[in-house]
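Accompanying notes for the structure given below.
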Amino acid sequence: MKFDKDTVARVARLARIATTDEERERLSRELSAILEWIDALSEVDTDGVAPMTSVAAMALKSRGDAVTDGGMAGNITANAPASAGGCFVVPKVVE
Amino acid sequence: MAADGTWETVIGLEVHAQILSASKLFSGASAAYGGAPNAQVSAVDAGMPGMLPVINMTCIEQAVRSGLAIDGRINRRSVFDRKNYFYPDLPQGYQISQYKQPLVSDGHIDIELDDGSVKRIRIERLHVEQDAGKSLHDRDPGRSLVDLNRSGVGLMEIVSHPDLASAGEAALYVGALRSILRYAGTCDGNMQEGSLRVDANVSVRRPGEALGIRCEIKNLNSLKFLQRAIDHESRRQVDILEAGGRVVQETRLFDVQRNETRGMRSKEDAQDYRYFPDPDLLPLELDAAWVDAIAASMPELPGARRQRFMSEHGLDAYDAGVLVAERENADYFEEVARGRDSKLAANWVMSELFGRLNHAGIGIAESPVAAAALGGLIDLVADGTISGRMAKDVFAEMFESGDDAASIVEKKGLRQVTDEARIGVMVDDVLAAHVDKVAEYRAGRTKLFGFFVGQVMKASGGRANPKAVNAILRTRLDA
Amino acid sequence: MRTATGLTISHARDLLARGELSSRELVEAHLAAMERHRGLNAFITETPERARDLAEASDRRRRNGEAGRLEGIPVAVKDLFCTKDIPTTAGSRILEGFRPFYESTVTANMLREGAVMLGKTNLDEFAMGSSNLTSHHGPVVNPWRAGGDPRTRVPGGSSGGSAAAVAARMAMGATGTDTGGSIRQPAAFTGTVGLKPTYGRCSRWGIIAFASSLDQAGTLTRTVRDAAIMLGAMAGHDPMDSTSADVAVADFEDGLEDGVEGLTIGVPKEYRVDGMPAEIDALWQRGIAWLEDQGASVREVSLPHTGYALPAYYIVAPAEASSNLARYDGVRYGLRCEADDLATMYERTRAAGFGAEVKRRILIGTYVLSEGYFDAYYLKAQRVRTRIAGDFDEAWRSVDALLTPTTPAAAFAADSPPDDPVSMYLNDVFTVPASLAGLPAISVPAGFDAGGLPLGLQVISRAFDEARVLRVARAIERAAAVDPVPEGF
Ligand SMILES: [Mg+2]
Ligand SMILES: [Zn+2]
């Protein structure tokens with residue numbers, strides 16, 4: 001079991017997804033199977049092979065420094081489950 | 001801490017400096033400070049579904065300029081990575097930053113310690129990244145509010161080596177860095193508005209021992225707080241160690257009211273940022289000629305300017321240091337000094353002008369006396385139109401009214417009297433009015449000479465040229 | 001106007017041009033078909049009123065002598081494209097109620113070319129799937145049934161709603177997105193033409209991201225020519241997408257009928273996988289014969305790293321997805337499950353908002369990027385990806401295009417899908433390599449299995465050579481001479 005229940009719990013916590021014990025049980029089985037299958041990659045000799053960084057050969061695009069966007073606070077918060085005074089609202093955050 | 005010799009403090013700083021630009025790093029929204037909540041936000045900055053970043057090349061140019069200003073190595077190829085973590089002010093769920101391949105490596109800043117010695121602080125890297133939005137925790141009892149106006153604003157994160165040994169050195173380093181960035185024109189350095197924020201990594205150790213466990217104090221936005229936080233934190237760690245305890249590595253906040261640092265709740269669980277190259281952006285590859293052109297256009301920086309003030313203007317290290325700290329001050333001084341006695345110009349700027357500016361609580365930009373006007377005043381002293389003493393009053397008048405020296409001198413008829421004949425007449429009147437004193441003088445009470453000078457100056461309304469007065473009195477009395 | 005739904009885009013274009021048909025008539029016929037076949041669940045959101053308005057506006061433009069490439073043509077849009085003021089769900093509960101205030105570049109281009117949008121089609125949640133069984137809005141039913149088998153079939157995925165809508169004559173064409181086969185596999189399962197252009201050919205701006213380095217918009221149509229017409233209207237350089245290619249968009253209809261005379265077609269031996277059904281192999285051989293009969297020379301080539309494409313894909317795609325889907329946190333849009341503290345709000349919202357397959361991929365992706373595993377998994381996979389791209393580059397030295405089956409089997413029954421994730425993933429074994437290399441590829445209907453279910457052949461060619469892909473596909477289409485129409489449509 002590469003992906004034991006504790007690993008599932010740790011990763012689910014990192015991904016901010018609540019899981020029940022049964023889910024962790026099932027996920028542990030499924031994800032371990034997927035990982036074992038993925039491990040076939042270790043057979044490939046990739047010494048001196050550069051990781052792919054851009055799929056199609058092209059140079060990075062860029063913009064000039066002009067203000068062309070914004071000024072639409074209404075649109076920005078229009079879909080928010082909770083907002084107040086033009087801000088998004090979330091449960092109290094204690095720093 | 002190092003003071004008592006039993007413990008030394010080791011400090012490394014991460015400075016977040018807002019890049020001076022009109023729009024954000026990856027969107028066309030305004031990067032200006034302030035603004036109504038979410039009014040300076042594009043769909044990209046709000047992490048709306050399907051939105052993609054496109055880089056603002058001016059921000060990169062600014063970062064390259066900054067890298068050159070700290071004598072860093074500009075990496076022709078750098079990569080933008082995603083730093084993944086969840087926080088309400090981080091709309092995408094990741095911050096676009098640079099991790100393994102930063103834009104700039106291996107720079108340094110020299111700071112001058114109180115004993116006059118120079119210490120080199122090594123800078124590990126300068127990388128470009130997005131700022132986050134702002135969470136407001138105090139507006140509402142049960143809830144936090146999020147404003148994304150700052151989300152996506154371009155930042156330079158400048159990471160020093162742990163070369164700093166005290167709160168004082170840390171403040172000197174940040175001050176020097178701030179000055180350099182302001183000279184380079186890449187950051188306004190406004191700490192109140194958060195344009196320059198400091199994270200301090202602090203640890204303590206016995207001299208000669210390996211580095212101790214460090215704590216990171218986040219978001220210090222003034223030099224005063226920076227020093228207080230470092231002092232408190234190193235003392236806290238020493239207390240723990242001397243009590244036989246061990247310091248836990250953690251992120252802490254400086255509580256300004258309580259004047260102490262405390263652990264951050266929001267950073268409690270172990271972070272795993274899962275950095276990986278942002279697939280929405282290609283590697284940033286810079287053309288050598290483009291970088292060279294920026295290097296060629298670099299302005300004179302504080303260090304070089306200070307040297308020049310010493311060699312060219314003959315100022316001492318201290319005065320030169322004071323004058324170059326703020327670019328506007330140095331520019332003002334150089335305009336005043338152009339074609340005039342530099343030391344005299346420095347004195348006027350540093351004692352008279354700075355004194356009144358401080359008193360009035362305004363910056364040199366708002367000075368009612370322009371550099372040219374101050375130069376004009378100095379010229380009037382040089383050509384004998386007014387005496388040095390009188391010049392101070394004229395300057396006061398200039399500062400009040402904003403008029404130039406010449407017109408004040410004319411308006412108030414302060415022009416100095418040098419005409420020997422006219423002074424001779426005044427002298428004769430004074431001597432005629434004090435026949436008895438003249439007799440006592442001639443009888444040997446020569447200390448009365450000062451009395452006669454005073455009377456003549458009084459009669460002239462202070463405008464008679466003192467040298468001439470003395471000379472004529474001598475001839476009249478000692479004849 | 002029932003027959004109007006049977007028209008191809010190119011034929012309808014001629015009738016519209018000659019004034020023998022109005023966009024309004026064409027659109028009404030398709031809206032009626034959408035109503036009749038609502039049981040297929042191909043659409044998540046239908047926009048009939050907007051469609052009628054667009055059709056009338058189109059007819060008006062035409063009267064004024066203006067006509068875009070898709071003038072008056074009713075099309076469907078995969079619900080992964082953000083459409084201004086129209087709900088956009090990605091087939092997920094987590095985007096409940098989300099209405100974008102912006103229009104994706106691709107759909108905006110199509111609207112500018114006169115297209116009439118009928119609605120938003122169903123898909124596997126966040127385009128993660130090969131069956132259309134993972135949508136929060138329920139499974140899509142393939143209009144095709146196997147002879148004598150009453151069980152409904154899956155349309156494939158993730159663009160299953162678009163494929164079903166086109167196969168069932170509810171739309172003349174539809175947009176799809178392809179990350180590992182999400183256009184080509186459903187096309188093969190529904191007897192339609194599915195084109196995945198070169199990575200960078202169509203802008204990704206406004207398309208909800210699954211795996212940024214793989215996602216590419218494309219077309220589902222009933223003919224190869226229709227694919228050429230639609231791509232022409234969708235493609236183009238977009239300054240708002242840093243990975244959009246600044247490459248001129250040719251008229252993809254040019255040379256479409258030129259045939260394969262003188263072309264060299266490669267047959268990659270590694271695609272002859274163990275246990276490949278005989279009828280798939282037979283279909284492949286038939287395709288080879290068709291091309292040879294039309295003057296192409298066919299030779300076997302080797303793409304040695306083909307076998308590692310799927311594992312590499314299942315590292316890269318989930319890794320990117322785990323980061324791309326972090327923005328769905330209940331703060332700015334979509335579903336939110338309230339809680340007193342932030343962490344609980346996040347965890348409840350994402351637990352309730354994402355389905356099982358999406359969670360699996362987010363967790364795998366989070367794992368392979370986490371401390372200590374990045375090099376062994378993500379970096380390794382990107383190196384393997386370089387190798388796979390290298391295999392293709394090597395092939396292009398000796399051949400002009402590659403011919404392979406699109407899928408290892410025909411559409412499976414909805415009630416008996418592959419029973420574990422990995423065998424479900426094997427659906428994409430033939431489509432993933434071209435995705436990893438960013439190459440243009442198409443699936444064209446080429447025949448049927450024993451049960452009468454459609455099967456497709458895949459053509460792959462060089463980056464930005466969609467014209468050649470289309471030309472070879474057209475040669476197969478001509479020779480195959482199948483006009484797949486599911487019974488009752
Ligand atoms: Mg930091
Ligand atoms: Zn930072």
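As shown in the structure tokens, the chain order sets the letters A, B, ...; within each chain, residues go from 1, and ligands are also counted from 1 in the order they appear.
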
Show me which residues are within 10 Å of ligand 2 counting only C-alpha atoms and all ligand atoms, and format the list as a PDB file with all heavy atoms, in the first residue's frame.
```pdb
ATOM      1  N   GLU B  14      14.082  38.873   4.418  1.00  0.00           N
ATOM      2  CA  GLU B  14      13.380  38.755   3.141  1.00  0.00           C
ATOM      3  C   GLU B  14      12.575  40.029   2.984  1.00  0.00           C
ATOM      4  O   GLU B  14      11.661  40.272   3.756  1.00  0.00           O
ATOM      5  CB  GLU B  14      12.439  37.549   3.141  1.00  0.00           C
ATOM      6  CG  GLU B  14      13.150  36.209   3.162  1.00  0.00           C
ATOM      7  CD  GLU B  14      12.176  35.053   3.339  1.00  0.00           C
ATOM      8  OE1 GLU B  14      10.953  35.260   3.168  1.00  0.00           O
ATOM      9  OE2 GLU B  14      12.639  33.948   3.668  1.00  0.00           O
ATOM     10  N   VAL B  15      12.976  40.858   2.013  1.00  0.00           N
ATOM     11  CA  VAL B  15      12.263  42.113   1.795  1.00  0.00           C
ATOM     12  C   VAL B  15      11.348  41.970   0.589  1.00  0.00           C
ATOM     13  O   VAL B  15      11.777  41.512  -0.469  1.00  0.00           O
ATOM     14  CB  VAL B  15      13.259  43.268   1.568  1.00  0.00           C
ATOM     15  CG1 VAL B  15      12.521  44.549   1.212  1.00  0.00           C
ATOM     16  CG2 VAL B  15      14.131  43.470   2.804  1.00  0.00           C
ATOM     17  N   HIS B  16      10.072  42.324   0.786  1.00  0.00           N
ATOM     18  CA  HIS B  16       9.139  42.363  -0.342  1.00  0.00           C
ATOM     19  C   HIS B  16       8.984  43.811  -0.761  1.00  0.00           C
ATOM     20  O   HIS B  16       8.481  44.622   0.003  1.00  0.00           O
ATOM     21  CB  HIS B  16       7.787  41.775   0.042  1.00  0.00           C
ATOM     22  CG  HIS B  16       7.785  40.280   0.109  1.00  0.00           C
ATOM     23  ND1 HIS B  16       8.066  39.586   1.258  1.00  0.00           N
ATOM     24  CD2 HIS B  16       7.564  39.351  -0.850  1.00  0.00           C
ATOM     25  CE1 HIS B  16       8.001  38.286   1.012  1.00  0.00           C
ATOM     26  NE2 HIS B  16       7.705  38.115  -0.254  1.00  0.00           N
ATOM     27  N   ALA B  17       9.462  44.133  -1.956  1.00  0.00           N
ATOM     28  CA  ALA B  17       9.409  45.505  -2.460  1.00  0.00           C
ATOM     29  C   ALA B  17       8.449  45.567  -3.639  1.00  0.00           C
ATOM     30  O   ALA B  17       8.592  44.807  -4.607  1.00  0.00           O
ATOM     31  CB  ALA B  17      10.796  45.960  -2.895  1.00  0.00           C
ATOM     32  N   LYS B  83       3.301  28.503  -6.275  1.00  0.00           N
ATOM     33  CA  LYS B  83       3.437  28.169  -4.860  1.00  0.00           C
ATOM     34  C   LYS B  83       2.011  27.935  -4.349  1.00  0.00           C
ATOM     35  O   LYS B  83       1.222  28.864  -4.246  1.00  0.00           O
ATOM     36  CB  LYS B  83       4.102  29.338  -4.127  1.00  0.00           C
ATOM     37  CG  LYS B  83       4.290  29.140  -2.639  1.00  0.00           C
ATOM     38  CD  LYS B  83       4.924  30.387  -2.030  1.00  0.00           C
ATOM     39  CE  LYS B  83       5.207  30.211  -0.550  1.00  0.00           C
ATOM     40  NZ  LYS B  83       5.840  31.421   0.022  1.00  0.00           N
ATOM     41  N   GLN B  95       0.315  31.188  -5.574  1.00  0.00           N
ATOM     42  CA  GLN B  95       0.970  32.453  -5.888  1.00  0.00           C
ATOM     43  C   GLN B  95       1.964  32.172  -7.007  1.00  0.00           C
ATOM     44  O   GLN B  95       2.737  31.208  -6.916  1.00  0.00           O
ATOM     45  CB  GLN B  95       1.716  32.978  -4.656  1.00  0.00           C
ATOM     46  CG  GLN B  95       2.551  34.222  -4.924  1.00  0.00           C
ATOM     47  CD  GLN B  95       3.560  34.490  -3.815  1.00  0.00           C
ATOM     48  OE1 GLN B  95       4.150  33.560  -3.267  1.00  0.00           O
ATOM     49  NE2 GLN B  95       3.762  35.755  -3.479  1.00  0.00           N
ATOM     50  N   ILE B  96       1.936  32.974  -8.070  1.00  0.00           N
ATOM     51  CA  ILE B  96       2.950  32.808  -9.111  1.00  0.00           C
ATOM     52  C   ILE B  96       4.210  33.505  -8.623  1.00  0.00           C
ATOM     53  O   ILE B  96       4.211  34.700  -8.343  1.00  0.00           O
ATOM     54  CB  ILE B  96       2.496  33.387 -10.465  1.00  0.00           C
ATOM     55  CG1 ILE B  96       1.174  32.746 -10.903  1.00  0.00           C
ATOM     56  CG2 ILE B  96       3.579  33.158 -11.517  1.00  0.00           C
ATOM     57  CD1 ILE B  96       0.623  33.284 -12.217  1.00  0.00           C
ATOM     58  N   SER B  97       5.269  32.717  -8.443  1.00  0.00           N
ATOM     59  CA  SER B  97       6.525  33.220  -7.902  1.00  0.00           C
ATOM     60  C   SER B  97       7.674  32.594  -8.682  1.00  0.00           C
ATOM     61  O   SER B  97       7.446  31.990  -9.729  1.00  0.00           O
ATOM     62  CB  SER B  97       6.608  32.850  -6.408  1.00  0.00           C
ATOM     63  OG  SER B  97       7.778  33.362  -5.816  1.00  0.00           O
ATOM     64  N   GLN B  98       8.885  32.767  -8.218  1.00  0.00           N
ATOM     65  CA  GLN B  98      10.035  32.095  -8.840  1.00  0.00           C
ATOM     66  C   GLN B  98      10.747  31.327  -7.745  1.00  0.00           C
ATOM     67  O   GLN B  98      11.055  31.892  -6.702  1.00  0.00           O
ATOM     68  CB  GLN B  98      10.981  33.111  -9.490  1.00  0.00           C
ATOM     69  CG  GLN B  98      10.333  33.864 -10.639  1.00  0.00           C
ATOM     70  CD  GLN B  98      11.336  34.755 -11.367  1.00  0.00           C
ATOM     71  OE1 GLN B  98      11.950  35.633 -10.762  1.00  0.00           O
ATOM     72  NE2 GLN B  98      11.507  34.522 -12.656  1.00  0.00           N
ATOM     73  N   TYR B  99      10.959  30.038  -7.967  1.00  0.00           N
ATOM     74  CA  TYR B  99      11.500  29.194  -6.903  1.00  0.00           C
ATOM     75  C   TYR B  99      12.919  28.733  -7.218  1.00  0.00           C
ATOM     76  O   TYR B  99      13.888  29.319  -6.749  1.00  0.00           O
ATOM     77  CB  TYR B  99      10.553  28.013  -6.702  1.00  0.00           C
ATOM     78  CG  TYR B  99      10.918  27.058  -5.592  1.00  0.00           C
ATOM     79  CD1 TYR B  99      11.250  27.528  -4.331  1.00  0.00           C
ATOM     80  CD2 TYR B  99      10.899  25.683  -5.806  1.00  0.00           C
ATOM     81  CE1 TYR B  99      11.572  26.641  -3.317  1.00  0.00           C
ATOM     82  CE2 TYR B  99      11.212  24.789  -4.786  1.00  0.00           C
ATOM     83  CZ  TYR B  99      11.551  25.272  -3.548  1.00  0.00           C
ATOM     84  OH  TYR B  99      11.863  24.393  -2.548  1.00  0.00           O
ATOM     85  N   HIS B 127      13.766  37.673  -6.651  1.00  0.00           N
ATOM     86  CA  HIS B 127      12.837  37.070  -7.614  1.00  0.00           C
ATOM     87  C   HIS B 127      11.550  37.872  -7.682  1.00  0.00           C
ATOM     88  O   HIS B 127      11.262  38.694  -6.820  1.00  0.00           O
ATOM     89  CB  HIS B 127      12.586  35.594  -7.292  1.00  0.00           C
ATOM     90  CG  HIS B 127      11.790  35.362  -6.051  1.00  0.00           C
ATOM     91  ND1 HIS B 127      12.365  34.878  -4.885  1.00  0.00           N
ATOM     92  CD2 HIS B 127      10.477  35.533  -5.783  1.00  0.00           C
ATOM     93  CE1 HIS B 127      11.413  34.758  -3.965  1.00  0.00           C
ATOM     94  NE2 HIS B 127      10.263  35.145  -4.477  1.00  0.00           N
ATOM     95  N   VAL B 128      10.805  37.624  -8.773  1.00  0.00           N
ATOM     96  CA  VAL B 128       9.574  38.366  -9.045  1.00  0.00           C
ATOM     97  C   VAL B 128       8.388  37.486  -8.686  1.00  0.00           C
ATOM     98  O   VAL B 128       8.402  36.284  -8.958  1.00  0.00           O
ATOM     99  CB  VAL B 128       9.515  38.745 -10.542  1.00  0.00           C
ATOM    100  CG1 VAL B 128       8.215  39.446 -10.873  1.00  0.00           C
ATOM    101  CG2 VAL B 128      10.708  39.625 -10.897  1.00  0.00           C
ATOM    102  N   GLU B 129       7.378  38.080  -8.062  1.00  0.00           N
ATOM    103  CA  GLU B 129       6.189  37.311  -7.700  1.00  0.00           C
ATOM    104  C   GLU B 129       4.977  38.223  -7.568  1.00  0.00           C
ATOM    105  O   GLU B 129       5.099  39.445  -7.585  1.00  0.00           O
ATOM    106  CB  GLU B 129       6.418  36.547  -6.396  1.00  0.00           C
ATOM    107  CG  GLU B 129       6.681  37.441  -5.201  1.00  0.00           C
ATOM    108  CD  GLU B 129       7.010  36.641  -3.941  1.00  0.00           C
ATOM    109  OE1 GLU B 129       7.470  35.490  -4.053  1.00  0.00           O
ATOM    110  OE2 GLU B 129       6.794  37.185  -2.840  1.00  0.00           O
ATOM    111  N   GLN B 130       3.794  37.601  -7.430  1.00  0.00           N
ATOM    112  CA  GLN B 130       2.547  38.358  -7.269  1.00  0.00           C
ATOM    113  C   GLN B 130       2.303  38.671  -5.807  1.00  0.00           C
ATOM    114  O   GLN B 130       2.581  37.844  -4.944  1.00  0.00           O
ATOM    115  CB  GLN B 130       1.338  37.512  -7.684  1.00  0.00           C
ATOM    116  CG  GLN B 130       1.317  36.969  -9.064  1.00  0.00           C
ATOM    117  CD  GLN B 130       0.113  36.044  -9.229  1.00  0.00           C
ATOM    118  OE1 GLN B 130       0.039  34.987  -8.621  1.00  0.00           O
ATOM    119  NE2 GLN B 130      -0.832  36.448 -10.056  1.00  0.00           N
ATOM    120  N   ASP B 131       1.732  39.843  -5.537  1.00  0.00           N
ATOM    121  CA  ASP B 131       1.262  40.144  -4.194  1.00  0.00           C
ATOM    122  C   ASP B 131      -0.100  39.469  -4.009  1.00  0.00           C
ATOM    123  O   ASP B 131      -0.743  39.079  -4.984  1.00  0.00           O
ATOM    124  CB  ASP B 131       1.130  41.662  -3.999  1.00  0.00           C
ATOM    125  CG  ASP B 131       1.141  42.061  -2.523  1.00  0.00           C
ATOM    126  OD1 ASP B 131       1.087  41.157  -1.653  1.00  0.00           O
ATOM    127  OD2 ASP B 131       1.209  43.275  -2.228  1.00  0.00           O
ATOM    128  N   ALA B 132      -0.502  39.298  -2.759  1.00  0.00           N
ATOM    129  CA  ALA B 132      -1.824  38.726  -2.462  1.00  0.00           C
ATOM    130  C   ALA B 132      -2.790  39.864  -2.180  1.00  0.00           C
ATOM    131  O   ALA B 132      -2.386  41.022  -2.091  1.00  0.00           O
ATOM    132  CB  ALA B 132      -1.721  37.793  -1.265  1.00  0.00           C
ATOM    133  N   LEU B 155       5.764  42.180  -7.189  1.00  0.00           N
ATOM    134  CA  LEU B 155       6.687  42.350  -6.058  1.00  0.00           C
ATOM    135  C   LEU B 155       8.064  41.828  -6.439  1.00  0.00           C
ATOM    136  O   LEU B 155       8.192  40.940  -7.277  1.00  0.00           O
ATOM    137  CB  LEU B 155       6.214  41.548  -4.844  1.00  0.00           C
ATOM    138  CG  LEU B 155       4.858  41.855  -4.218  1.00  0.00           C
ATOM    139  CD1 LEU B 155       4.610  40.893  -3.068  1.00  0.00           C
ATOM    140  CD2 LEU B 155       4.810  43.305  -3.739  1.00  0.00           C
ATOM    141  N   MET B 156       9.075  42.378  -5.781  1.00  0.00           N
ATOM    142  CA  MET B 156      10.412  41.797  -5.836  1.00  0.00           C
ATOM    143  C   MET B 156      10.675  41.250  -4.443  1.00  0.00           C
ATOM    144  O   MET B 156      10.547  41.986  -3.462  1.00  0.00           O
ATOM    145  CB  MET B 156      11.461  42.855  -6.161  1.00  0.00           C
ATOM    146  CG  MET B 156      11.258  43.532  -7.506  1.00  0.00           C
ATOM    147  SD  MET B 156      12.445  44.863  -7.808  1.00  0.00           S
ATOM    148  CE  MET B 156      11.680  46.219  -6.918  1.00  0.00           C
ATOM    149  N   GLU B 157      10.974  39.969  -4.327  1.00  0.00           N
ATOM    150  CA  GLU B 157      11.387  39.443  -3.029  1.00  0.00           C
ATOM    151  C   GLU B 157      12.900  39.377  -3.031  1.00  0.00           C
ATOM    152  O   GLU B 157      13.501  38.723  -3.875  1.00  0.00           O
ATOM    153  CB  GLU B 157      10.794  38.059  -2.741  1.00  0.00           C
ATOM    154  CG  GLU B 157      11.253  37.546  -1.366  1.00  0.00           C
ATOM    155  CD  GLU B 157      10.576  36.259  -0.928  1.00  0.00           C
ATOM    156  OE1 GLU B 157       9.474  35.966  -1.401  1.00  0.00           O
ATOM    157  OE2 GLU B 157      11.189  35.546  -0.107  1.00  0.00           O
ATOM    158  N   ILE B 158      13.510  40.112  -2.089  1.00  0.00           N
ATOM    159  CA  ILE B 158      14.963  40.227  -2.024  1.00  0.00           C
ATOM    160  C   ILE B 158      15.429  39.535  -0.753  1.00  0.00           C
ATOM    161  O   ILE B 158      15.100  39.955   0.359  1.00  0.00           O
ATOM    162  CB  ILE B 158      15.376  41.709  -2.037  1.00  0.00           C
ATOM    163  CG1 ILE B 158      14.828  42.378  -3.314  1.00  0.00           C
ATOM    164  CG2 ILE B 158      16.900  41.845  -1.967  1.00  0.00           C
ATOM    165  CD1 ILE B 158      14.621  43.870  -3.196  1.00  0.00           C
ATOM    166  N   VAL B 159      16.164  38.429  -0.932  1.00  0.00           N
ATOM    167  CA  VAL B 159      16.520  37.572   0.199  1.00  0.00           C
ATOM    168  C   VAL B 159      18.001  37.709   0.527  1.00  0.00           C
ATOM    169  O   VAL B 159      18.864  37.432  -0.306  1.00  0.00           O
ATOM    170  CB  VAL B 159      16.197  36.096  -0.131  1.00  0.00           C
ATOM    171  CG1 VAL B 159      16.506  35.198   1.066  1.00  0.00           C
ATOM    172  CG2 VAL B 159      14.743  35.953  -0.567  1.00  0.00           C
ATOM    173  N   ASP B 199      10.342  40.502   6.213  1.00  0.00           N
ATOM    174  CA  ASP B 199      10.239  39.301   7.035  1.00  0.00           C
ATOM    175  C   ASP B 199      11.637  39.058   7.587  1.00  0.00           C
ATOM    176  O   ASP B 199      12.606  39.070   6.831  1.00  0.00           O
ATOM    177  CB  ASP B 199       9.829  38.080   6.208  1.00  0.00           C
ATOM    178  CG  ASP B 199       8.477  38.274   5.511  1.00  0.00           C
ATOM    179  OD1 ASP B 199       7.724  39.166   5.936  1.00  0.00           O
ATOM    180  OD2 ASP B 199       8.210  37.544   4.548  1.00  0.00           O
TER     181      ASP B 199
END
```

**Message:** Can you tell me which residues surround region 456-458 of chain C at a distance of at most 7 Å, considering only C-alpha atoms, apart from same-chain residues fewer than 2 positions away, and format the answer as number ranges by chain?
**Reply:** C: 188, 403-406, 441-447, 454, 460

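Look at Arg201 (chain C): the protein and nucleic acid residues within 6 Å of it, using only C-alpha atoms and passing over chain neighbours fewer than 2 places away, are Thr198, Tyr199, Ala235 and Ala245 of chain C.
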
Could you give me, as a Markdown table, a per-residue list for chain B showing, wherever an atom lies at most 6 Å from an atom of chain A, the closest pair of atoms and their distance in Å to one decimal, using only C-alpha atoms and sorting by chain then residue number from low to high?
```
| residue | atom | partner | partner_atom | distance |
| --- | --- | --- | --- | --- |
| B:Ser23 | CA | A:Val67 | CA | 5.2 |
| B:Gly28 | CA | A:Thr68 | CA | 4.8 |
| B:Ala29 | CA | A:Asp69 | CA | 4.5 |
| B:Ser30 | CA | A:Val67 | CA | 5.4 |
| B:Pro37 | CA | A:Gly86 | CA | 5.5 |
| B:Asn38 | CA | A:Ala73 | CA | 4.9 |
| B:Ala39 | CA | A:Ala73 | CA | 4.7 |
| B:Gln40 | CA | A:Gly70 | CA | 4.8 |
| B:Val41 | CA | A:Gly70 | CA | 4.7 |
| B:Ser42 | CA | A:Gly70 | CA | 4.7 |
| B:Val54 | CA | A:Ser62 | CA | 5.7 |
| B:Ile55 | CA | A:Ser62 | CA | 4.9 |
| B:Asn56 | CA | A:Arg63 | CA | 4.8 |
| B:Met57 | CA | A:Ser62 | CA | 5.9 |
| B:Thr58 | CA | A:Asp65 | CA | 5.8 |
| B:Gly142 | CA | A:Lys92 | CA | 5.5 |
| B:Arg143 | CA | A:Lys92 | CA | 4.0 |
| B:Ser144 | CA | A:Lys92 | CA | 4.8 |
| B:Leu145 | CA | A:Val89 | CA | 4.7 |
| B:Val146 | CA | A:Phe88 | CA | 4.9 |
| B:Asp147 | CA | A:Cys87 | CA | 5.3 |
| B:Met264 | CA | A:Glu95 | CA | 5.3 |
| B:Arg265 | CA | A:Glu95 | CA | 5.2 |
| B:Ser266 | CA | A:Glu95 | CA | 5.1 |
| B:Leu282 | CA | A:Leu60 | CA | 5.4 |
```

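Across C:Val193, C:Val249, C:Leu363, C:Ala480, the tightest approach to chain A is made by C:Leu363 when counting only C-alpha atoms.
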
At a cut-off of 6 Å, can you tabulate as CSV every residue of chain B near chain C together with its closest atom pair and the distance in Å to one decimal, using only C-alpha atoms and ordering rows by chain then number?
```
residue,atom,partner,partner_atom,distance
B:Pro49,CA,C:Ile208,CA,5.3
B:Gly50,CA,C:Gly206,CA,4.1
B:Met51,CA,C:Gly206,CA,5.8
B:Val54,CA,C:Ser242,CA,5.7
B:Gln92,CA,C:Arg327,CA,4.7
B:Gly93,CA,C:Ala326,CA,4.8
B:Arg274,CA,C:Ser370,CA,5.0
B:Pro279,CA,C:Ser213,CA,5.5
```

**Prompt:** DSSP says helix (DSSP H, G or I) for which residues of chain A? Put them as a PyMOL selection string?
**Reply:** chain A and resi 5-14+21-43+73-78

**Residue among A:Ala80, A:Glu43, A:Glu36, A:Arg26 lying closest to chain C, counting only C-alpha atoms** = A:Ala80

**Complete:** Using only C-alpha atoms, the residue out of C:Glu477, C:Asp419, C:Asp449, C:Glu261 with shortest distance to chain A is C:Asp419

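With distances restricted to only C-alpha atoms and all ligand atoms, B:Leu126 is the closest residue to ligand 1 from B:Met298, B:Leu126, B:Ala391, B:Ala288.
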
**Asked** Which polymer residues have any atom within 10 Å of an atom of Asp391 (chain C), counting only C-alpha atoms, with same-chain residues fewer than 6 positions away left out, as a ChimeraX atom specification?
**Response** /C:301-306,385,433,437

**Asked** Excluding same-chain residues fewer than 3 positions from region 46-57 of chain C, what lies within 7 Å of it counting only C-alpha atoms, as a list in words?
**Response** Ser23, Arg24, Val27, Leu31, Phe43, Arg60, Arg61, Gly72, Val116, Met117, Leu118, Gly119 and Lys120 of chain C

**Request:** Could you give me, as a PyMOL selection string, the residues within 9 Å of region 380-388 of chain B, counting only C-alpha atoms and dropping anything in the same chain fewer than 6 positions from it?
**Result:** chain B and resi 405-406+409+414-418+463+465
